[in-house]
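These notes are about the structure you will find just below.
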Amino acid sequence: MELDVPILRRQREAWEAEHLRPGAALALGAGDRARPEEPDPERTCFERDRDRIVHSTAFRRLAGKTQVVVYPTDHQRTRLTHALEVAQVATSIARGVGANVTLAEAIALGHDCGHGPGGHASEDAFDAFLTDGYNHGPWGADVVLTGLNLCSQTLDGIRNHSWSRPVPATVEGEIVSWADRIAYCAHDLEDAASAGILSLDDLPAEVVAACGRTRRQQLGAFVRAVVGTVAATGQVGMAEEPAAALSALRAFNYERIYTRPDSLAQAAAVIEVLRALVSYYCEHPDSIPTVVATRELAPDAVVQAAVTYVAGMTDRFAFETAADLLGWDPERLPRGIGRGA
């Protein structure tokens, strides 16, 4: 097809208004941002969000952060590849139901930018220092990504993607919540099987009957289940049988992967290392690169700066810093399988 003129933002906005399902988030102008901006002539507001996330330091660092395996091999997931797989699942669902694909992709790519090194164990480590605790969703939206000035819909989806949080305000945010759980249940299982932690033959028969044994079968079954439910009811979710299968698969992963003795030992080691690092930087705030005038910081601000700095580290940098700065015995550093989700 010959293109006489470029398809600019206003034209894509008009297409969305005409074609997306009722209730889908529409990109309008520069978007609802904390700091007003001029609209981009080529990109919609959610396309700009997606681009800003992809080019951010926080997103790049996900390549060095634990999904399930600390110091993963070439074939095991990191937080970065997890985010990409969540984005694939989310965009597949969003396309299938007529939601805003770009917003779903932006939320999915940014949803784990608040994770610290060492997986979910980092949340347990940082909880000890913060009055309100540490949750990677709000931390990502309200601390890590604030400099990007993202749209409120994107931030809401990132902030509330976990099922322990309030339901996201948009259909696209709800889609990412389901996509996250679908993706990690399937790919964490695949990684554990590849690492020899378990065998796919160990899966309960009812799970295999409902969604298959392999990642490909499971993703296909669960994506179709969500799309079918939205088409039939207008609500983001799954019918009873596939939802039960997803819950059973997640429970199987928790028992056989995330809470196995080696995983719990690794989590304990991660917590010990990260708490030691935060404590050090609280006592030596002038060692935090982002802190310029430490004498002007209140105690709470010093703690916030210390947690922010350590939470932004990759696994390798955190553990090497513990060894180099604190004299940590390398034999005490975490290795092996951790907790996903």
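By convention in this document, the chains of the structure tokens carry letters A, B, ... by their order, each chain's residues are numbered from 1, and ligands are numbered from 1 in the order they are shown.
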
>> Would you pick out the contacts of Leu326 of chain A at 9 Å or less, using only C-alpha atoms, so that residues sharing its chain but fewer than 2 positions from it are not included, and give the list as a PyMOL selection string?
In response: chain A and resi 276-277+280+321-324+328

May I have the residues from that selection written out with N, CA and C atoms, as a PDB file, in the first residue's frame?
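Listing of again-v3.pdb after writing:
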```pdb
ATOM      1  N   ALA A 276      21.773  -5.210  55.204  1.00  0.00           N
ATOM      2  CA  ALA A 276      23.106  -4.721  55.568  1.00  0.00           C
ATOM      3  C   ALA A 276      23.501  -3.532  54.698  1.00  0.00           C
ATOM      4  N   LEU A 277      23.181  -3.591  53.412  1.00  0.00           N
ATOM      5  CA  LEU A 277      23.501  -2.487  52.516  1.00  0.00           C
ATOM      6  C   LEU A 277      22.719  -1.227  52.869  1.00  0.00           C
ATOM      7  N   TYR A 280      24.075   0.313  55.978  1.00  0.00           N
ATOM      8  CA  TYR A 280      25.342   1.011  55.730  1.00  0.00           C
ATOM      9  C   TYR A 280      25.090   2.391  55.136  1.00  0.00           C
ATOM     10  N   THR A 321      28.787  -5.297  45.750  1.00  0.00           N
ATOM     11  CA  THR A 321      28.959  -4.191  46.681  1.00  0.00           C
ATOM     12  C   THR A 321      29.030  -4.697  48.110  1.00  0.00           C
ATOM     13  N   ALA A 322      28.203  -5.696  48.429  1.00  0.00           N
ATOM     14  CA  ALA A 322      28.251  -6.281  49.772  1.00  0.00           C
ATOM     15  C   ALA A 322      29.625  -6.885  50.050  1.00  0.00           C
ATOM     16  N   ALA A 323      30.203  -7.513  49.045  1.00  0.00           N
ATOM     17  CA  ALA A 323      31.519  -8.123  49.223  1.00  0.00           C
ATOM     18  C   ALA A 323      32.614  -7.067  49.300  1.00  0.00           C
ATOM     19  N   ASP A 324      32.566  -6.079  48.395  1.00  0.00           N
ATOM     20  CA  ASP A 324      33.639  -5.082  48.320  1.00  0.00           C
ATOM     21  C   ASP A 324      33.543  -4.034  49.423  1.00  0.00           C
ATOM     22  N   TRP A 328      31.705  -8.730  52.775  1.00  0.00           N
ATOM     23  CA  TRP A 328      30.829  -9.893  52.855  1.00  0.00           C
ATOM     24  C   TRP A 328      31.523 -11.106  52.253  1.00  0.00           C
TER      25      TRP A 328
END
```

Within 10 Å of segment 212-224 of chain A: each segment 230-280 of chain A residue with its shortest pair, only C-alpha atoms, as JSON lines:
```
{"residue": "A:Val230", "atom": "CA", "partner": "A:Arg224", "partner_atom": "CA", "distance": 9.9}
{"residue": "A:Gly237", "atom": "CA", "partner": "A:Phe222", "partner_atom": "CA", "distance": 9.9}
{"residue": "A:Met238", "atom": "CA", "partner": "A:Phe222", "partner_atom": "CA", "distance": 8.0}
{"residue": "A:Pro242", "atom": "CA", "partner": "A:Phe222", "partner_atom": "CA", "distance": 6.8}
{"residue": "A:Ala243", "atom": "CA", "partner": "A:Phe222", "partner_atom": "CA", "distance": 8.3}
{"residue": "A:Ala245", "atom": "CA", "partner": "A:Phe222", "partner_atom": "CA", "distance": 9.1}
{"residue": "A:Leu246", "atom": "CA", "partner": "A:Phe222", "partner_atom": "CA", "distance": 7.8}
{"residue": "A:Leu249", "atom": "CA", "partner": "A:Gln218", "partner_atom": "CA", "distance": 9.7}
```

>> Show me, as a list in words, the residues that have an atom within 12 Å of Ser164 of chain A when counting only C-alpha atoms, minus same-chain residues fewer than 6 positions from it.
In response: Asn135, His136, Gly137, Pro138, Ser177 and Ala341 of chain A

Residues just named, written with N, CA and C atoms as a short mmCIF file (atom, residue, chain, number, x, y, z; two decimals), in the first residue's frame:
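Result saved to part_8.cif:
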```
data_model
loop_
_atom_site.label_atom_id
_atom_site.label_comp_id
_atom_site.auth_asym_id
_atom_site.auth_seq_id
_atom_site.Cartn_x
_atom_site.Cartn_y
_atom_site.Cartn_z
N ASN A 135 6.32 -2.03 48.58
CA ASN A 135 5.57 -2.81 47.60
C ASN A 135 6.04 -2.36 46.23
N HIS A 136 6.48 -3.31 45.41
CA HIS A 136 7.14 -2.92 44.16
C HIS A 136 6.23 -2.19 43.19
N GLY A 137 4.91 -2.38 43.27
CA GLY A 137 4.02 -1.67 42.37
C GLY A 137 3.97 -0.18 42.65
N PRO A 138 3.53 0.23 43.86
CA PRO A 138 3.55 1.65 44.20
C PRO A 138 4.95 2.25 44.14
N SER A 177 -2.89 -7.17 34.99
CA SER A 177 -2.90 -7.98 36.21
C SER A 177 -3.04 -9.46 35.87
N ALA A 341 6.77 -14.47 40.73
CA ALA A 341 5.53 -13.70 40.86
C ALA A 341 5.80 -12.24 40.69
#
```

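Minimum atom-to-atom distance to Glu105 of chain A, evaluated using only C-alpha atoms, belongs to A:Ile53 out of A:Ala232, A:Ala265, A:Ile53, A:Ala125.
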
Residues near Ala193 of chain A, anyone? I mean within 12 Å using only C-alpha atoms, not counting same-chain ones fewer than 2 positions away, as a tab-separated table (two decimals) with N, CA and C atoms, in the first residue's frame.
```tsv
chain	number	residue	atom	x	y	z
A	75	HIS	N	19.43	-19.17	29.47
A	75	HIS	CA	18.11	-19.64	29.08
A	75	HIS	C	17.04	-19.38	30.13
A	76	GLN	N	17.39	-18.73	31.22
A	76	GLN	CA	16.43	-18.49	32.29
A	76	GLN	C	15.97	-17.04	32.31
A	186	ALA	N	3.32	-19.70	33.93
A	186	ALA	CA	3.77	-20.57	32.85
A	186	ALA	C	5.29	-20.57	32.71
A	187	HIS	N	5.91	-19.39	32.72
A	187	HIS	CA	7.35	-19.38	32.44
A	187	HIS	C	8.20	-19.74	33.65
A	188	ASP	N	7.73	-19.47	34.87
A	188	ASP	CA	8.48	-19.92	36.04
A	188	ASP	C	8.52	-21.45	36.11
A	189	LEU	N	7.40	-22.05	35.74
A	189	LEU	CA	7.34	-23.51	35.69
A	189	LEU	C	8.34	-24.04	34.66
A	190	GLU	N	8.36	-23.41	33.49
A	190	GLU	CA	9.27	-23.85	32.43
A	190	GLU	C	10.73	-23.71	32.87
A	191	ASP	N	11.07	-22.60	33.52
A	191	ASP	CA	12.43	-22.41	33.99
A	191	ASP	C	12.81	-23.45	35.05
A	195	ALA	N	15.75	-26.22	34.84
A	195	ALA	CA	16.82	-26.26	35.85
A	195	ALA	C	16.85	-27.58	36.62
A	196	GLY	N	15.92	-28.49	36.32
A	196	GLY	CA	15.89	-29.77	37.01
A	196	GLY	C	15.28	-29.72	38.39
A	197	ILE	N	14.57	-28.65	38.70
A	197	ILE	CA	13.92	-28.52	40.00
A	197	ILE	C	12.71	-29.43	40.09
A	198	LEU	N	12.03	-29.59	38.97
A	198	LEU	CA	10.86	-30.45	38.92
A	198	LEU	C	10.71	-30.97	37.50
A	199	SER	N	9.73	-31.81	37.30
A	199	SER	CA	9.41	-32.33	35.97
A	199	SER	C	8.00	-31.89	35.59
A	200	LEU	N	7.80	-31.55	34.33
A	200	LEU	CA	6.46	-31.19	33.89
A	200	LEU	C	5.49	-32.36	34.06
A	201	ASP	N	6.03	-33.56	34.16
A	201	ASP	CA	5.17	-34.73	34.41
A	201	ASP	C	4.57	-34.71	35.81
A	202	ASP	N	5.11	-33.85	36.69
A	202	ASP	CA	4.60	-33.76	38.06
A	202	ASP	C	3.34	-32.93	38.16
A	203	LEU	N	2.98	-32.21	37.10
A	203	LEU	CA	1.80	-31.35	37.15
A	203	LEU	C	0.55	-32.15	37.47
A	213	ARG	N	0.36	-28.92	29.42
A	213	ARG	CA	1.56	-29.16	30.21
A	213	ARG	C	2.67	-28.16	29.91
A	214	THR	N	2.68	-27.58	28.71
A	214	THR	CA	3.77	-26.72	28.29
A	214	THR	C	3.37	-25.24	28.39
A	215	ARG	N	4.40	-24.39	28.39
A	215	ARG	CA	4.14	-22.94	28.43
A	215	ARG	C	3.27	-22.52	27.26
A	253	ASN	N	3.34	-24.12	41.74
A	253	ASN	CA	4.61	-23.41	41.67
A	253	ASN	C	5.09	-22.97	43.06
A	256	ARG	N	6.37	-26.18	44.87
A	256	ARG	CA	7.51	-26.88	44.30
A	256	ARG	C	8.68	-25.97	43.91
A	257	ILE	N	8.43	-24.65	43.79
A	257	ILE	CA	9.50	-23.74	43.36
A	257	ILE	C	9.77	-22.68	44.42
A	337	ILE	N	17.66	-20.84	43.16
A	337	ILE	CA	16.28	-20.55	42.84
A	337	ILE	C	15.66	-19.66	43.91
```

>> Please compute the atom CA of Ile288 of chain A-atom CA of Gln304 of chain A distance, one decimal, in Å.
In response: 11.2 Å

> Excluding same-chain residues fewer than 2 positions from segment 27-44 of chain A, what lies within 6 Å of it counting only C-alpha atoms, as a list in words?
Replying inline: Leu8, Arg9, Phe46, Glu47, Cys151 and Ser152 of chain A

> Quick one: residues within 9 Å of Ala179 of chain A, only C-alpha atoms counted, chain neighbours fewer than 5 positions away excluded, as a list of chain:residue names?
Replying inline: A:Glu85, A:Val86, A:Ala87, A:Gln88, A:Val89, A:Ala90, A:Thr91, A:Ile93, A:Ala108, A:Glu174, A:Tyr184, A:Phe222, A:Val223

>> Env of Leu274 of chain A: 8 Å cut, atoms = only C-alpha atoms, seq-sep filter 6 positions within chain, self excluded. Answer as a ChimeraX atom specification.
In response: /A:122,125-126,310,318

Create the file for the chosen residues now, containing N, CA and C atoms and written as an mmCIF file, in the first residue's frame.
```cif
data_model
loop_
_atom_site.group_PDB
_atom_site.id
_atom_site.type_symbol
_atom_site.label_atom_id
_atom_site.label_comp_id
_atom_site.auth_asym_id
_atom_site.auth_seq_id
_atom_site.Cartn_x
_atom_site.Cartn_y
_atom_site.Cartn_z
ATOM 1 N N SER A 122 13.469 -8.877 48.289
ATOM 2 C CA SER A 122 13.872 -7.488 48.519
ATOM 3 C C SER A 122 12.755 -6.700 49.194
ATOM 4 N N ALA A 125 13.038 -7.328 52.727
ATOM 5 C CA ALA A 125 14.215 -6.648 53.265
ATOM 6 C C ALA A 125 13.934 -5.173 53.515
ATOM 7 N N PHE A 126 13.316 -4.509 52.557
ATOM 8 C CA PHE A 126 13.105 -3.069 52.662
ATOM 9 C C PHE A 126 11.944 -2.713 53.588
ATOM 10 N N VAL A 310 19.619 1.238 46.960
ATOM 11 C CA VAL A 310 19.824 -0.209 46.987
ATOM 12 C C VAL A 310 18.772 -0.919 46.135
ATOM 13 N N ALA A 318 24.544 -5.434 43.633
ATOM 14 C CA ALA A 318 24.261 -5.468 45.069
ATOM 15 C C ALA A 318 25.166 -6.453 45.789
#
```

>> as a ChimeraX atom specification, please: every residue in segment 31-120 of chain A that DSSP puts in alpha helix (DSSP H).
In response: /A:45-54,57-61,79-97,101-110

>> Could you check the closest approach to Gly147 of chain A for each of A:Ala58, A:Leu109, A:Leu333, A:Val208 and tell me which residue wins, using only C-alpha atoms?
In response: A:Ala58

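Here atom CA of Gly140 of chain A stands at a distance of 25.6 Å from atom CA of Gly23 of chain A.
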
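Atom to atom, atom CA of Lys65 of chain A and atom CA of Arg332 of chain A stand 18.5 Å apart.
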
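Comparing A:Glu18, A:Asp112, A:Asp49, A:Glu255 by their smallest distance to Ala63 of chain A, the closest is A:Asp112 (using only C-alpha atoms).
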
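Remark: for Thr259 of chain A, the closest of the candidate residues A:Gly173, A:Val68, A:Phe319, A:His111 is A:Val68 (distances computed over only C-alpha atoms).
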